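model-v9.cif (mmCIF, C-alpha atoms)
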```
data_my_file
loop_
_atom_site.label_atom_id
_atom_site.label_comp_id
_atom_site.auth_asym_id
_atom_site.auth_seq_id
_atom_site.Cartn_x
_atom_site.Cartn_y
_atom_site.Cartn_z
CA MET A 227 -10.91 18.61 -11.01
CA HIS A 228 -14.25 19.81 -9.61
CA LYS A 229 -16.04 16.85 -11.20
CA TYR A 230 -13.47 14.47 -9.68
CA LEU A 231 -13.95 15.95 -6.20
CA VAL A 232 -17.74 15.60 -6.53
CA ILE A 233 -17.33 11.92 -7.43
CA ILE A 234 -14.97 11.34 -4.50
CA GLY A 235 -17.42 13.07 -2.15
CA ALA A 236 -20.31 11.00 -3.44
CA VAL A 237 -18.38 7.78 -2.90
CA LEU A 238 -17.53 8.77 0.67
CA LEU A 239 -21.14 9.67 1.42
CA CYS A 240 -22.31 6.33 0.05
CA ASN A 241 -19.83 4.55 2.29
CA ILE A 242 -20.98 6.53 5.31
CA PHE A 243 -24.63 5.71 4.74
CA ALA A 244 -23.75 2.11 3.90
CA GLN A 245 -21.86 2.05 7.23
CA GLU A 246 -18.94 0.16 5.79
CA ALA A 247 -15.51 1.09 4.51
CA PRO A 248 -14.57 0.71 0.83
CA LEU A 249 -12.95 -2.53 -0.35
CA GLY A 250 -11.16 -0.47 -2.97
CA SER A 251 -8.72 -1.75 -5.58
CA MET A 252 -5.00 -1.90 -6.25
CA ALA A 253 -3.28 1.35 -7.24
CA THR A 254 -0.11 1.85 -9.28
CA PRO A 255 2.88 3.68 -7.77
CA ASN A 256 4.27 6.55 -9.76
CA ARG A 257 7.92 6.96 -10.69
CA SER A 258 9.00 8.77 -7.51
CA GLU A 259 7.10 6.29 -5.31
CA ARG A 260 8.81 3.35 -7.00
CA LYS A 261 12.18 5.03 -6.51
CA ALA A 262 11.50 5.54 -2.77
CA LEU A 263 10.63 1.86 -2.40
CA GLU A 264 13.78 0.81 -4.21
CA CYS A 265 15.89 3.02 -1.94
CA LEU A 266 14.27 1.40 1.10
CA LYS A 267 15.18 -2.16 0.15
CA GLY A 268 18.00 -3.62 2.19
CA THR A 269 18.03 -0.72 4.67
CA ILE A 270 15.48 -1.98 7.20
CA THR A 271 14.47 -5.26 8.85
CA GLY A 272 11.24 -5.52 10.78
CA LYS A 273 7.46 -5.65 10.57
CA ILE A 274 4.57 -3.21 10.21
CA ILE A 275 0.96 -3.88 11.20
CA TRP A 276 -2.07 -1.81 10.31
CA SER A 277 -5.83 -1.92 9.90
CA THR A 278 -7.24 -2.13 6.38
CA SER A 279 -10.59 -2.59 4.64
CA ARG A 280 -9.13 -4.08 1.43
CA ALA A 281 -10.39 -7.63 2.17
CA ASN A 282 -13.13 -6.87 4.69
CA SER A 283 -15.23 -3.70 4.59
CA LYS A 284 -15.26 -3.76 8.39
CA HIS A 285 -11.42 -3.90 8.59
CA ASP A 286 -8.89 -6.60 9.49
CA ILE A 287 -5.36 -6.31 10.85
CA TRP A 288 -2.67 -6.89 8.21
CA ILE A 289 1.09 -7.36 8.54
CA MET A 290 3.99 -6.69 6.16
CA ASN A 291 7.75 -6.41 6.12
CA ALA A 292 8.99 -2.97 7.11
CA ASP A 293 10.06 -2.31 3.50
CA GLY A 294 6.47 -2.82 2.30
CA THR A 295 6.87 -6.35 0.92
CA ASP A 296 4.83 -9.48 1.75
CA GLN A 297 1.57 -7.78 2.71
CA LYS A 298 -0.93 -10.29 4.17
CA PRO A 299 -3.81 -10.53 6.65
CA LEU A 300 -3.11 -11.22 10.32
CA THR A 301 -6.76 -11.41 11.44
CA ASN A 302 -9.83 -12.58 9.53
CA SER A 303 -12.99 -11.46 11.29
CA PRO A 304 -15.59 -10.56 8.64
CA ASN A 305 -18.27 -9.74 11.22
CA ASN A 306 -16.13 -7.40 13.34
CA VAL A 307 -14.06 -4.24 13.00
CA ASP A 308 -10.39 -4.81 13.91
CA TRP A 309 -8.26 -1.69 14.36
CA PHE A 310 -5.69 0.18 16.53
CA SER A 311 -3.12 -2.64 16.52
CA ARG A 312 0.04 -2.46 18.64
CA PHE A 313 3.07 -4.77 18.77
CA SER A 314 4.04 -6.26 22.13
CA PRO A 315 7.56 -5.17 23.21
CA ASP A 316 9.11 -8.31 21.66
CA ALA A 317 6.65 -8.32 18.73
CA SER A 318 5.53 -11.86 19.54
CA GLU A 319 1.94 -10.63 19.87
CA VAL A 320 -0.33 -7.87 18.65
CA LEU A 321 -2.90 -6.07 20.80
CA PHE A 322 -5.87 -4.64 18.91
CA VAL A 323 -9.41 -3.28 19.27
CA ARG A 324 -12.32 -5.38 17.98
CA SER A 325 -16.00 -4.45 17.75
CA LYS A 326 -18.31 -6.81 19.61
CA SER A 327 -20.53 -7.23 16.57
CA GLY A 328 -20.72 -5.78 13.08
CA TRP A 329 -19.67 -2.34 11.88
CA ALA A 330 -18.88 0.34 14.45
CA PRO A 331 -17.26 3.61 13.30
CA GLU A 332 -14.15 5.03 14.92
CA ILE A 333 -16.10 8.05 16.12
CA ASP A 334 -17.82 5.62 18.51
CA ALA A 335 -14.52 4.74 20.20
CA GLU A 336 -15.67 6.30 23.47
CA THR A 337 -18.79 4.11 23.47
CA PHE A 338 -16.64 1.47 25.11
CA GLU A 339 -19.48 -1.08 25.41
CA LYS A 340 -19.10 -1.65 21.65
CA TRP A 341 -15.46 -2.79 21.85
CA ASP A 342 -13.11 -5.34 23.38
CA LEU A 343 -9.33 -5.68 23.35
CA TRP A 344 -7.84 -8.82 21.81
CA THR A 345 -4.37 -10.24 21.23
CA VAL A 346 -3.10 -12.42 18.40
CA ALA A 347 0.32 -13.93 17.80
CA THR A 348 2.28 -12.39 14.93
CA ASP A 349 1.89 -15.64 13.00
CA GLY A 350 -1.93 -15.23 13.17
CA SER A 351 -2.50 -17.91 15.80
CA ASN A 352 -3.91 -17.89 19.33
CA GLU A 353 -6.48 -15.09 19.29
CA LYS A 354 -7.58 -14.22 22.84
CA LYS A 355 -9.67 -11.54 24.47
CA ALA A 356 -7.48 -9.34 26.69
CA ALA A 357 -10.06 -6.95 28.18
CA ALA A 358 -13.81 -6.45 27.78
CA ASP A 359 -15.49 -3.10 27.13
CA ALA A 360 -12.17 -1.44 26.35
CA VAL A 361 -10.48 0.63 23.63
CA TRP A 362 -7.14 2.31 22.86
CA GLY A 363 -5.03 -0.54 24.28
CA THR A 364 -1.23 -0.25 24.53
CA TRP A 365 1.49 -2.42 26.06
CA ARG A 366 3.72 -1.60 29.01
CA PRO A 367 7.47 -2.17 28.48
CA ASN A 368 7.51 -5.47 30.40
CA GLY A 369 4.89 -6.97 28.06
CA ASP A 370 2.84 -8.35 30.96
CA SER A 371 0.36 -5.48 31.30
CA ILE A 372 -1.68 -3.16 29.11
CA VAL A 373 -3.17 0.33 29.47
CA PHE A 374 -6.55 1.21 27.96
CA ALA A 375 -9.60 3.48 28.21
CA ARG A 376 -13.24 2.98 29.13
CA GLY A 377 -14.98 6.26 28.40
CA ASN A 378 -13.78 8.76 30.99
CA LYS A 379 -11.48 6.30 32.81
CA VAL A 380 -8.05 4.84 32.12
CA PHE A 381 -6.98 1.44 33.49
CA ILE A 382 -3.93 -0.77 33.66
CA LYS A 383 -4.40 -4.53 33.53
CA ASP A 384 -1.99 -7.26 34.57
CA LEU A 385 -2.33 -9.98 31.92
CA VAL A 386 -0.96 -12.67 34.23
CA SER A 387 -3.24 -12.13 37.25
CA GLY A 388 -6.11 -10.51 35.36
CA ASN A 389 -6.26 -7.69 37.90
CA GLU A 390 -7.22 -4.21 36.75
CA LYS A 391 -6.42 -0.91 38.43
CA GLU A 392 -7.89 2.51 37.68
CA LEU A 393 -5.22 5.08 36.79
CA PHE A 394 -7.17 8.17 35.80
CA ASP A 395 -10.71 9.56 35.74
CA ALA A 396 -11.22 12.49 33.37
CA GLU A 397 -14.55 13.45 34.96
CA LYS A 398 -13.03 13.66 38.45
CA CYS A 399 -10.01 15.61 37.24
CA PHE A 400 -11.87 17.95 34.89
CA LYS A 401 -15.64 18.01 34.47
CA LYS A 402 -18.61 15.78 33.78
CA GLY A 403 -18.65 14.39 30.27
CA ALA A 404 -14.87 14.57 29.76
CA LEU A 405 -13.53 11.51 27.93
CA ALA A 406 -10.04 10.02 27.84
CA GLN A 407 -8.98 9.13 24.30
CA GLN A 408 -5.84 7.19 23.35
CA PRO A 409 -4.08 7.23 26.74
CA GLU A 410 -0.34 6.62 26.37
CA MET A 411 1.71 6.06 29.55
CA SER A 412 5.30 7.28 29.51
CA PRO A 413 7.97 4.55 29.44
CA ASP A 414 8.85 5.22 33.11
CA GLY A 415 5.17 5.25 34.19
CA ARG A 416 5.29 8.81 35.63
CA PHE A 417 3.02 10.48 33.09
CA LEU A 418 -0.06 9.84 30.98
CA ALA A 419 -0.35 11.55 27.59
CA MET A 420 -3.84 11.66 26.14
CA THR A 421 -6.46 13.46 24.09
CA LEU A 422 -9.51 14.77 25.95
CA ARG A 423 -12.86 14.74 24.17
CA GLY A 424 -16.52 15.06 25.12
CA THR A 425 -16.90 18.23 27.21
CA MET A 426 -13.14 18.85 26.88
CA ARG A 427 -11.13 19.24 23.69
CA GLU A 428 -7.38 19.38 24.10
CA THR A 429 -4.27 17.27 24.52
CA GLY A 430 -1.94 17.13 27.48
CA ILE A 431 0.20 15.27 29.99
CA TRP A 432 -1.06 14.08 33.40
CA ASN A 433 1.57 13.99 36.14
CA PHE A 434 0.59 11.07 38.43
CA GLU A 435 2.72 12.18 41.39
CA LYS A 436 1.66 15.84 41.40
CA LYS A 437 -1.85 15.17 40.07
CA ALA A 438 -1.32 18.00 37.60
CA TRP A 439 -2.43 18.48 33.99
CA ASN A 440 0.00 20.05 31.53
CA SER A 441 -1.78 21.14 28.36
CA THR A 442 -0.11 20.65 24.98
CA GLY A 443 -2.78 22.54 23.04
CA GLY A 444 -5.37 21.17 20.63
CA GLY A 445 -4.99 18.38 18.11
CA CYS A 446 -5.07 14.67 18.89
CA GLU A 447 -3.17 11.34 18.77
CA MET A 448 -0.56 11.92 21.46
CA ASP A 449 2.30 9.46 21.96
CA TRP A 450 5.82 9.36 23.37
CA PHE A 451 9.22 9.51 21.79
CA PRO A 452 11.09 6.39 22.96
CA SER A 453 13.39 8.66 25.01
CA GLY A 454 10.42 9.56 27.23
CA ASN A 455 11.31 13.26 27.42
CA LYS A 456 9.09 14.47 24.61
CA VAL A 457 5.84 13.64 22.87
CA PHE A 458 4.43 13.99 19.39
CA ARG A 459 0.87 14.74 18.34
CA MET A 460 -1.23 15.66 15.36
CA ASN A 461 -1.89 19.32 14.66
CA GLU A 462 -5.11 19.99 12.77
CA GLY A 463 -6.05 22.95 10.61
CA GLN A 464 -2.48 23.74 9.56
CA GLY A 465 0.16 22.09 7.41
CA ASN A 466 0.39 21.35 3.71
CA GLY A 467 -2.68 19.09 3.62
CA GLY A 468 -4.49 20.51 6.63
CA THR A 469 -2.57 18.45 9.20
CA GLU A 470 1.01 18.03 10.44
CA VAL A 471 2.93 16.11 13.11
CA LEU A 472 4.42 18.13 16.00
CA GLN A 473 7.17 17.24 18.47
CA ILE A 474 6.97 18.74 21.97
CA ASP A 475 9.87 18.70 24.43
CA LEU A 476 8.93 18.28 28.10
CA ASP A 477 10.63 19.27 31.35
CA GLU A 478 11.08 16.90 34.30
CA ASP A 479 7.49 17.53 35.44
CA GLY A 480 5.92 16.79 32.04
CA LYS A 481 5.36 20.43 31.12
CA PRO A 482 6.00 21.59 27.54
CA VAL A 483 9.29 23.48 27.30
CA VAL A 484 7.79 25.69 24.61
CA ARG A 485 4.27 26.87 25.42
CA ILE A 486 1.61 26.30 22.75
CA SER A 487 -1.09 28.94 22.64
CA GLY A 488 -4.03 28.76 20.25
CA LEU A 489 -3.06 28.33 16.60
CA SER A 490 0.42 29.74 17.11
CA ILE A 491 2.83 26.84 16.50
CA PRO A 492 6.58 27.61 16.77
CA LYS A 493 8.53 26.38 13.76
CA LYS A 494 10.80 24.19 15.92
CA LEU A 495 7.79 22.05 16.91
CA ARG A 496 6.85 21.15 13.32
CA PHE A 497 8.15 17.62 12.82
CA MET A 498 6.57 16.06 9.70
CA ASP A 499 4.45 17.57 6.95
CA LEU A 500 4.62 15.58 3.72
CA PRO A 501 5.38 17.56 0.59
CA GLY A 502 3.06 17.05 -2.34
CA ARG A 503 -0.69 16.58 -2.55
CA ARG A 504 -1.10 13.51 -0.32
CA SER A 505 -0.32 15.36 2.88
CA HIS A 506 -3.31 14.88 5.18
CA GLU A 507 -1.34 12.94 7.82
CA TYR A 508 -2.66 10.94 10.78
CA PHE A 509 -1.77 7.96 13.02
CA PRO A 510 1.98 8.60 13.59
CA LYS A 511 3.98 5.91 15.45
CA PHE A 512 7.72 5.44 16.15
CA ASP A 513 9.73 2.28 16.47
CA LYS A 514 11.24 1.58 19.92
CA GLY A 515 14.64 2.86 18.84
CA GLY A 516 13.25 6.18 17.65
CA LEU A 517 14.81 5.83 14.21
CA TRP A 518 11.73 5.33 12.03
CA MET A 519 8.25 6.81 11.91
CA VAL A 520 5.26 5.14 10.28
CA TRP A 521 1.91 6.87 9.64
CA CYS A 522 -0.85 7.23 7.08
CA ALA A 523 -1.82 10.06 4.75
CA THR A 524 -4.65 10.77 2.36
CA GLN A 525 -5.20 13.17 -0.49
CA TYR A 526 -8.98 13.53 -0.27
CA GLY A 527 -11.32 13.07 2.66
CA HIS A 528 -10.75 12.98 6.39
CA GLU A 529 -12.80 10.15 7.95
CA HIS A 530 -10.27 7.91 9.66
CA ASP A 531 -11.95 4.60 8.83
CA ILE A 532 -13.31 5.41 5.35
CA ALA A 533 -10.95 7.76 3.47
CA ASP A 534 -8.14 6.49 1.21
CA TYR A 535 -5.26 6.71 3.69
CA GLU A 536 -1.98 5.02 2.68
CA VAL A 537 0.89 3.83 4.90
CA TYR A 538 4.16 5.82 4.83
CA LEU A 539 7.59 5.21 6.36
CA TRP A 540 10.30 7.77 7.05
CA LYS A 541 13.79 7.53 8.52
CA ILE A 542 13.75 10.27 11.13
CA GLY A 543 16.05 13.15 10.26
CA ALA A 544 16.22 12.36 6.56
CA ASP A 545 14.83 14.63 3.87
CA LYS A 546 11.02 14.55 4.12
CA LYS A 547 10.89 13.89 0.39
CA SER A 548 12.56 10.53 1.05
CA ALA A 549 9.47 9.21 2.92
CA ALA A 550 8.33 6.00 1.24
CA ARG A 551 4.72 5.14 0.51
CA LEU A 552 4.27 1.44 1.35
CA THR A 553 0.64 0.70 0.42
CA PHE A 554 -1.05 1.23 -2.93
CA HIS A 555 -4.73 0.43 -2.54
CA THR A 556 -7.83 2.65 -2.56
CA ALA A 557 -9.29 0.90 0.49
CA ASN A 558 -8.87 2.50 3.92
CA ASP A 559 -5.54 1.96 5.72
CA ARG A 560 -5.08 3.32 9.26
CA TRP A 561 -3.32 3.11 12.63
CA PRO A 562 0.00 1.41 11.70
CA ASP A 563 2.69 0.27 14.14
CA ILE A 564 6.30 -0.69 13.46
CA PHE A 565 8.79 -3.10 15.01
CA ILE A 566 12.43 -2.98 13.94
CA GLY A 567 14.34 -6.25 14.26
CA THR A 568 13.20 -9.89 14.27
CA PRO A 569 9.97 -10.62 16.19
CA GLN A 570 10.19 -13.26 18.92
CA SER A 571 8.33 -16.55 18.58
CA PRO A 572 4.71 -16.41 19.81
CA ARG A 573 4.35 -17.01 23.53
CA GLN A 574 1.48 -18.23 25.69
CA GLN A 575 -0.14 -15.94 28.23
CA LYS A 576 -3.06 -16.32 30.61
CA MET A 577 -5.92 -14.26 29.23
CA GLU A 578 -9.68 -14.26 29.05
CA THR A 579 -11.65 -16.47 26.77
CA PRO A 580 -14.30 -14.88 24.53
CA GLY A 581 -17.29 -13.74 26.55
CA GLN A 582 -15.51 -13.94 29.94
CA PRO A 583 -15.74 -10.80 32.14
CA SER A 584 -12.65 -8.63 32.32
CA GLY A 585 -12.39 -8.67 36.10
CA ASP A 586 -13.10 -6.32 39.00
CA THR A 587 -12.14 -2.80 37.98
CA THR A 588 -12.05 -1.68 41.60
CA THR A 589 -9.42 -4.18 42.73
CA SER A 590 -6.65 -2.80 44.87
CA ALA A 591 -4.24 -5.61 44.09
CA PRO A 592 -0.81 -4.39 42.98
CA VAL A 593 -0.36 -4.17 39.24
CA LYS A 594 3.00 -4.37 37.52
CA GLN A 595 3.88 -1.51 35.18
#
```

This structure in C-alpha cells:
Amino acid sequence: MHKYLVIIGAVLLCNIFAQEAPLGSMATPNRSERKALECLKGTITGKIIWSTSRANSKHDIWIMNADGTDQKPLTNSPNNVDWFSRFSPDASEVLFVRSKSGWAPEIDAETFEKWDLWTVATDGSNEKKAAADAVWGTWRPNGDSIVFARGNKVFIKDLVSGNEKELFDAEKCFKKGALAQQPEMSPDGRFLAMTLRGTMRETGIWNFEKKAWNSTGGGCEMDWFPSGNKVFRMNEGQGNGGTEVLQIDLDEDGKPVVRISGLSIPKKLRFMDLPGRRSHEYFPKFDKGGLWMVWCATQYGHEHDIADYEVYLWKIGADKKSAARLTFHTANDRWPDIFIGTPQSPRQQKMETPGQPSGDTTTSAPVKQ
C-alpha cells in the first residue's frame, strides 16, 4: 500500500509541474458499482454536465444522460481550460468558465483576468462569450441574467441588454484583500451565499436588505437547496475521507438556525459522507426539484483539477450506500451539474462575441433578477 501511495503521489507531482491534468484511462466498475448503475436505469430522465480531462489535459465540458449513459464532449477547446459548467433553467444552454489561453489551475480562480464566461447550447452549437474577466458564473431563475465574481466583487449581468450591476464588494464589507468565491444568489434574490478567501477564510450568507453577514463557519462550495430556506456546503477536515457535505437551515434573515462554532458540527447538519474508501467529496449540486444530488469524490489526492475525482449521483433521502458512481476513468472529473427532465431546444440570445468588452461595470441601469 505504501508503495502504491508513493506512485500516486509521484504522478500527481508530475502533473503539477507539467501544469496539465492527466488524460487517464478507462477504469472497470466493481460488482457493487455495476449493481448501483443497474438499479438507476429507468428511474431518472435528464442530463448531467461536468468538466473532465479525459480527452484534453486542460479540460473540456462533457455531457451524459443522468443515468451515466451516452457520455460525450460538449466543448472542444484544446488550448483552453473549460470548467464550472451550469445548466440554464430550461437546460437549453450551459454557462461555463474558460481560460483565456492555455492551462490555468483552479487555484487561480480569483485571478479573474485569466478567465471569461461562455455559453454553449446543449447540442454543442453556438458558443458565445457571456462576460469577460469573470469566474464562478451561475444563472438566475429567469434565464436572462447571470451572477459571477471578479476578485473581490460580485456582479449580475443582463444577457439581453448587456448591462452589469455590482452586487457586493468583499473588501468594502470586510477588509482589504478579501475575495468572493463562488457567489450563489438565493432563488428569491434576497441573499448571497459565498466562500470568502484571500484575507478572509469562511463561508456565509449576505443579507442584501440588512447589509449583514451571517457566518456558516469554515469550509467552501456554498449553494442553495431549491427551497431557498437552507444551504449546503463542504466541510473539510472531517468525514470518512476527510470531507463531508453539510446542510444548514436558515431563518427568515438568512442566519443559521443551528450555530456552527469551530470544528464542532452537530450531527443533524451532516448530509452526505460516502461510505467506503472513495469518500473525499467535493462539488455538490442539486437538481431544481431537490430530489437528486450530483457530486464528485476521490480516493487519493485533493487537487480539484488534477486528482482522480469521479461523478456520483444520489437520490436524496435514500440509503447513502445506494449512491451510484457514474464515471469510470482515471482522468480528472469535477464540478458536475444536473437537470432532471427533457432539456429545451437551444435558443438564441444576444451576447458578446469573442474579444468584445463585457460592458460598463458601473452602470446604474436596472437589471432583471

Given the file above and the PyMOL selection byres ((chain A and resi 407) around 12), which residues are selected, and can you give them as a ChimeraX atom specification?
-> /A:332-338,360-363,373-380,394-396,404-406,408-410,418-424,426-430,445-449

Please produce an output containing C-alpha atoms for each residue in the selection, written as a short mmCIF file (atom, residue, chain, number, x, y, z; two decimals), in the frame of the given file.
```
data_model
loop_
_atom_site.label_atom_id
_atom_site.label_comp_id
_atom_site.auth_asym_id
_atom_site.auth_seq_id
_atom_site.Cartn_x
_atom_site.Cartn_y
_atom_site.Cartn_z
CA GLU A 332 -14.15 5.03 14.92
CA ILE A 333 -16.10 8.05 16.12
CA ASP A 334 -17.82 5.62 18.51
CA ALA A 335 -14.52 4.74 20.20
CA GLU A 336 -15.67 6.30 23.47
CA THR A 337 -18.79 4.11 23.47
CA PHE A 338 -16.64 1.47 25.11
CA ALA A 360 -12.17 -1.44 26.35
CA VAL A 361 -10.48 0.63 23.63
CA TRP A 362 -7.14 2.31 22.86
CA GLY A 363 -5.03 -0.54 24.28
CA VAL A 373 -3.17 0.33 29.47
CA PHE A 374 -6.55 1.21 27.96
CA ALA A 375 -9.60 3.48 28.21
CA ARG A 376 -13.24 2.98 29.13
CA GLY A 377 -14.98 6.26 28.40
CA ASN A 378 -13.78 8.76 30.99
CA LYS A 379 -11.48 6.30 32.81
CA VAL A 380 -8.05 4.84 32.12
CA PHE A 394 -7.17 8.17 35.80
CA ASP A 395 -10.71 9.56 35.74
CA ALA A 396 -11.22 12.49 33.37
CA ALA A 404 -14.87 14.57 29.76
CA LEU A 405 -13.53 11.51 27.93
CA ALA A 406 -10.04 10.02 27.84
CA GLN A 408 -5.84 7.19 23.35
CA PRO A 409 -4.08 7.23 26.74
CA GLU A 410 -0.34 6.62 26.37
CA LEU A 418 -0.06 9.84 30.98
CA ALA A 419 -0.35 11.55 27.59
CA MET A 420 -3.84 11.66 26.14
CA THR A 421 -6.46 13.46 24.09
CA LEU A 422 -9.51 14.77 25.95
CA ARG A 423 -12.86 14.74 24.17
CA GLY A 424 -16.52 15.06 25.12
CA MET A 426 -13.14 18.85 26.88
CA ARG A 427 -11.13 19.24 23.69
CA GLU A 428 -7.38 19.38 24.10
CA THR A 429 -4.27 17.27 24.52
CA GLY A 430 -1.94 17.13 27.48
CA GLY A 445 -4.99 18.38 18.11
CA CYS A 446 -5.07 14.67 18.89
CA GLU A 447 -3.17 11.34 18.77
CA MET A 448 -0.56 11.92 21.46
CA ASP A 449 2.30 9.46 21.96
#
```

Tell me which residues the PyMOL selection byres ((chain A and resi 255) around 12) grabs here, as a count of residues only.
-> 20

Check which residues satisfy the PyMOL selection byres ((chain A and resi 310) around 9) in the file shown, then give them as a ChimeraX atom specification.
-> /A:276-277,287,308-309,311-312,321-324,361-363,560-563

In file coordinates, which residues lie within 12 Å of (10.0, -3.9, 28.8) using all atoms listed in the file, given as number ranges by chain?
-> A: 314-317, 365-372, 413-415, 452, 514, 594-595

If we count all atoms listed in the file, what is near range 344-350 of chain A at a cut-off of 9 Å, once residues fewer than 4 positions away on the same chain are taken out, given as a PyMOL selection string?
-> chain A and resi 289+299-301+313+317-324+354-358+569-573

What is the CA of Leu500 in chain A to CA of Lys547 in chain A distance in Å?
->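 CA of Lys547 in chain A lies at a distance of 7.3 Å from CA of Leu500 in chain A.
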
State, in Å with one decimal place, the distance from CA of Ser441 in chain A to CA of Gly463 in chain A.
->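 Result for CA of Ser441 in chain A versus CA of Gly463 in chain A: 18.3 Å, one decimal.
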
So, counting only C-alpha atoms, which residue among A:Tyr535, A:Phe565, A:Trp521, A:Phe434 is closest to Ala549 in chain A?
->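 Looking only at the distances to Ala549 in chain A, the closest residue turns out to be A:Trp521.
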
Name the residues in contact with Ala544 in chain A at a cut-off of 12 Å, using only C-alpha atoms, excluding same-chain residues fewer than 2 positions from it; report them as a list in words.
-> Phe497, Met498, Leu517, Trp518, Met519, Leu539, Trp540, Lys541, Ile542, Lys546, Lys547, Ser548, Ala549 and Ala550 of chain A

Long-range neighbours of His528 in chain A as a VMD selection string, 10 Å cut-off, all atoms listed in the file, 4 positions minimum in chain | chain A and resid 238 468 506 to 508 523 to 524 532 to 535

Dump of C-alpha atoms for the selected residues, as a tab-separated table (two decimals), in the coordinates of the input:
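Result file follows (result-v1.tsv):
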```tsv
chain	number	residue	atom	x	y	z
A	238	LEU	CA	-17.53	8.77	0.67
A	468	GLY	CA	-4.49	20.51	6.63
A	506	HIS	CA	-3.31	14.88	5.18
A	507	GLU	CA	-1.34	12.94	7.82
A	508	TYR	CA	-2.66	10.94	10.78
A	523	ALA	CA	-1.82	10.06	4.75
A	524	THR	CA	-4.65	10.77	2.36
A	532	ILE	CA	-13.31	5.41	5.35
A	533	ALA	CA	-10.95	7.76	3.47
A	534	ASP	CA	-8.14	6.49	1.21
A	535	TYR	CA	-5.26	6.71	3.69
```

Name the closest residue to Gly294 in chain A among the candidates A:Gly250, A:Arg504, A:Thr269, A:Glu470; distances are taken between atoms, counting all atoms listed in the file.
->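 Ranking A:Gly250, A:Arg504, A:Thr269, A:Glu470 by distance to Gly294 in chain A, first place goes to A:Thr269.
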
Calculate, to one decimal in Å, the centre and edge lengths of the box along x, y and z of the file that holds all listed atoms of range 311-320 of chain A with 4 Å of margin on each side, and present them as AutoDock Vina command-line options.
```
--center_x 3.0 --center_y -7.2 --center_z 19.9 --size_x 20.2 --size_y 17.4 --size_z 14.7
```

Figure out the distance between CA of Phe512 in chain A and CA of Phe451 in chain A, please, to one decimal in Å.
->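 Taking CA of Phe451 in chain A and CA of Phe512 in chain A, their separation equals 7.1 Å.
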
In terms of all atoms listed in the file, the residue from A:Asn282, A:Gln464, A:Gln473, A:Ser327 at minimal distance from Asp559 in chain A is A:Asn282

Within-10 Å shell of (8.3, 18.2, 24.0) in input frame, all atoms listed in the file, as a PDB file with C-alpha atoms, keeping the file's coordinate frame:
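File part37.pdb, as written:
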```
ATOM      1  CA  THR A 442      -0.110  20.650  24.980  1.00  0.00           C
ATOM      2  CA  TRP A 450       5.820   9.360  23.370  1.00  0.00           C
ATOM      3  CA  PHE A 451       9.220   9.510  21.790  1.00  0.00           C
ATOM      4  CA  GLY A 454      10.420   9.560  27.230  1.00  0.00           C
ATOM      5  CA  ASN A 455      11.310  13.260  27.420  1.00  0.00           C
ATOM      6  CA  LYS A 456       9.090  14.470  24.610  1.00  0.00           C
ATOM      7  CA  VAL A 457       5.840  13.640  22.870  1.00  0.00           C
ATOM      8  CA  PHE A 458       4.430  13.990  19.390  1.00  0.00           C
ATOM      9  CA  ARG A 459       0.870  14.740  18.340  1.00  0.00           C
ATOM     10  CA  LEU A 472       4.420  18.130  16.000  1.00  0.00           C
ATOM     11  CA  GLN A 473       7.170  17.240  18.470  1.00  0.00           C
ATOM     12  CA  ILE A 474       6.970  18.740  21.970  1.00  0.00           C
ATOM     13  CA  ASP A 475       9.870  18.700  24.430  1.00  0.00           C
ATOM     14  CA  LEU A 476       8.930  18.280  28.100  1.00  0.00           C
ATOM     15  CA  ASP A 477      10.630  19.270  31.350  1.00  0.00           C
ATOM     16  CA  GLY A 480       5.920  16.790  32.040  1.00  0.00           C
ATOM     17  CA  LYS A 481       5.360  20.430  31.120  1.00  0.00           C
ATOM     18  CA  PRO A 482       6.000  21.590  27.540  1.00  0.00           C
ATOM     19  CA  VAL A 483       9.290  23.480  27.300  1.00  0.00           C
ATOM     20  CA  VAL A 484       7.790  25.690  24.610  1.00  0.00           C
ATOM     21  CA  ARG A 485       4.270  26.870  25.420  1.00  0.00           C
ATOM     22  CA  LEU A 495       7.790  22.050  16.910  1.00  0.00           C
TER      23      LEU A 495
END
```

Residue nearest Gln297 in chain A among A:Ile274, A:Lys284, A:Pro248, A:Pro492 (counting all atoms listed in the file) |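 Using all atoms listed in the file, the shortest distance to Gln297 in chain A belongs to A:Ile274.
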